[in-house]
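First comes the structure, then the notes that go with it.
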Amino acid sequence: MSLPISWDDQRIFLAVLEEGSLSAAARRLGLSHPTVRSRIEALERELGTVLFTRSVNGLTPTETAETLRDPARAMAMASDLFVRQASAPDGEVAGIVRISVPEFMGVEVIPAMLARLRTEHPGIRIELSLSNAPADLLAQEVDVAVRTVTPKQEALVARKVAAIPLGLFASRAYIARRGAPADVSEIADHDIIGPDRNRADLAIAAILAERLGGTLSRDRFVLRTDSHPAQIAATRAGVGIGIAQVPVGESDPNLVRILPEIEVTVIETWIVTHENLARVPRVRAVFDSLVDSFLSRGLRS
């Protein structure tokens, strides 16, 4: 190999690898399709190997490409971390902080908390990553994470901030049209919104079915989706009865809690950061602000 491989070429390789096509990678990177293709071809020549095989279904990474996935992702995370750490002078509560949040919370819960954070610390800029998959805090892929599973790694600083109950909700329009079930025996006569393929959500649905006396099964859902924001949007639209975080559902004047004696399950919620970042002023400010915002909601922890 005559020259070092440029980070730009590695970044393009990673985008193609993760997106599965040249056109999707081009859109993600803001480049033209021909540019991405020529850079991948140049990278293959430089490495002396084939990285992708072409077919009518797109690009398939070769075994060599797969072995390069983790190093390329590590480079990408290191590059992002470099930019964030260089985004503010030492000691100032300012700069970029990247936060990982579950999809539903990122849409329904966190925005109001970020408004408070921006009022308290106007020098902080937020990168918000919405994903139900846990971000890699050990590799510092993000600076702060809101997690709904108990953190176990020793290198993490974590604070439990809530135990959020899930309940059943329906829109007022749905109730006006179909009525509200008076007890669990009437649930079978109603339209239910539920998960599609997500195993954790299907397990919650199974718990709910047991509490409803076995009157609920996956094949009875009138709408199946693994997107929690889509579920509550469909509930608000009157598609059927859905599961939602109780504080979110009860704060919506268009929604009514169904069978309030039934608590589907409880979501434990944690604010987490890496111990190496816990003393960085901008990261600590975001961590503390999120902790205070969750605790001020008065949810049991």
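Following the order of the structure tokens, chains are lettered A, B, ..., residues in each are numbered from 1, and ligands are numbered from 1.
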As number ranges by chain, please: all residues of range 38-79 of chain A that backbone DSSP puts in helix (DSSP H, G or I).
A: 38-47, 63-67, 69-79
Given the choices A:Val222, A:Arg284, A:Ser293, A:Thr150, which gets closest to Asp189 in chain A if the distance is worked out from only C-alpha atoms?
A:Val222
Contact residues around Asp226 in chain A with only C-alpha atoms at 8 Å, ignoring same-chain residues under 3 positions, as number ranges by chain:
A: 194-198, 201, 231
What residues in range 63-192 of chain A get the DSSP label strand (DSSP E)? Please answer as a PyMOL selection string.
chain A and resi 95-101+124-130+144-147+156-171+192
Would you mind listing what lies within 9 Å of range 111-122 of chain A as a PyMOL selection string, with only C-alpha atoms counted and same-chain residues fewer than 6 positions away left out?
chain A and resi 93-94+105+282+285-286+289-290+293-294
Interatomic distance, CA of Gln153 in chain A to CA of Val272 in chain A (Å, one decimal)
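About the pair CA of Gln153 in chain A and CA of Val272 in chain A: they are 10.6 Å apart.
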Find the residues near Thr148 in chain A: any atom within 8 Å, counting only C-alpha atoms, skip ones fewer than 4 places away on the same chain, and give them as JSON, numbers by chain.
{"A": [267, 268, 269, 270]}
Do you know which residues are at most 9 Å from Glu263 in chain A counting only C-alpha atoms, after dropping those on the same chain fewer than 4 positions away, and could you put them as a ChimeraX atom specification?
/A:165-168,208,246,259
For the selection just defined, write its residues with N, CA, C and O atoms to a file, as a PDB file, in the first residue's frame.
```pdb
ATOM      1  N   PRO A 165     -44.771   3.995  34.232  1.00  0.00           N
ATOM      2  CA  PRO A 165     -45.780   2.976  33.964  1.00  0.00           C
ATOM      3  C   PRO A 165     -46.334   3.083  32.542  1.00  0.00           C
ATOM      4  O   PRO A 165     -46.418   4.185  31.974  1.00  0.00           O
ATOM      5  N   LEU A 166     -46.695   1.948  31.969  1.00  0.00           N
ATOM      6  CA  LEU A 166     -47.388   1.908  30.686  1.00  0.00           C
ATOM      7  C   LEU A 166     -48.854   1.554  30.930  1.00  0.00           C
ATOM      8  O   LEU A 166     -49.164   0.692  31.759  1.00  0.00           O
ATOM      9  N   GLY A 167     -49.738   2.229  30.211  1.00  0.00           N
ATOM     10  CA  GLY A 167     -51.161   1.963  30.346  1.00  0.00           C
ATOM     11  C   GLY A 167     -51.845   1.932  28.989  1.00  0.00           C
ATOM     12  O   GLY A 167     -51.220   2.149  27.948  1.00  0.00           O
ATOM     13  N   LEU A 168     -53.125   1.652  29.009  1.00  0.00           N
ATOM     14  CA  LEU A 168     -53.938   1.592  27.791  1.00  0.00           C
ATOM     15  C   LEU A 168     -54.651   2.924  27.585  1.00  0.00           C
ATOM     16  O   LEU A 168     -55.224   3.489  28.533  1.00  0.00           O
ATOM     17  N   LEU A 208     -49.543  -8.228  28.854  1.00  0.00           N
ATOM     18  CA  LEU A 208     -50.850  -7.583  28.829  1.00  0.00           C
ATOM     19  C   LEU A 208     -51.954  -8.597  28.552  1.00  0.00           C
ATOM     20  O   LEU A 208     -53.009  -8.576  29.201  1.00  0.00           O
ATOM     21  N   VAL A 246     -47.838   6.338  30.672  1.00  0.00           N
ATOM     22  CA  VAL A 246     -48.960   6.972  31.355  1.00  0.00           C
ATOM     23  C   VAL A 246     -48.810   8.491  31.460  1.00  0.00           C
ATOM     24  O   VAL A 246     -49.773   9.223  31.178  1.00  0.00           O
ATOM     25  N   LEU A 259     -59.275   1.326  31.318  1.00  0.00           N
ATOM     26  CA  LEU A 259     -59.019   0.380  32.415  1.00  0.00           C
ATOM     27  C   LEU A 259     -57.802   0.821  33.230  1.00  0.00           C
ATOM     28  O   LEU A 259     -56.758   0.156  33.264  1.00  0.00           O
TER      29      LEU A 259
END
```
Test item: residues at most 6 Å from Ile192 in chain A, only C-alpha atoms, excluding those fewer than 3 positions along its chain, as a tab-separated table (two decimals) with N, CA, C and O atoms, in the first residue's frame:
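Dumped to out05.tsv:
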```tsv
chain	number	residue	atom	x	y	z
A	221	PHE	N	-54.46	-7.73	16.48
A	221	PHE	CA	-54.11	-6.32	16.38
A	221	PHE	C	-54.59	-5.78	15.03
A	221	PHE	O	-54.28	-6.34	13.98
A	222	VAL	N	-55.31	-4.67	15.06
A	222	VAL	CA	-55.76	-4.06	13.81
A	222	VAL	C	-54.63	-3.28	13.15
A	222	VAL	O	-54.67	-3.00	11.94
A	240	GLY	N	-57.46	2.79	17.23
A	240	GLY	CA	-57.79	1.78	18.22
A	240	GLY	C	-57.21	2.12	19.57
A	240	GLY	O	-56.75	3.25	19.81
A	241	ILE	N	-57.23	1.14	20.45
A	241	ILE	CA	-56.66	1.28	21.80
A	241	ILE	C	-55.19	0.91	21.74
A	241	ILE	O	-54.82	-0.13	21.19
```
In Å, rounded to a single decimal, give me how far CA of Gly242 in chain A is from CA of Tyr174 in chain A.
11.3 Å
Could you check the closest approach to Pro281 in chain A for each of A:Val36, A:Asp143, A:Ser23, A:Asp80 and tell me which residue wins, using only C-alpha atoms?
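For Pro281 in chain A, the nearest of the given residues is A:Asp143.
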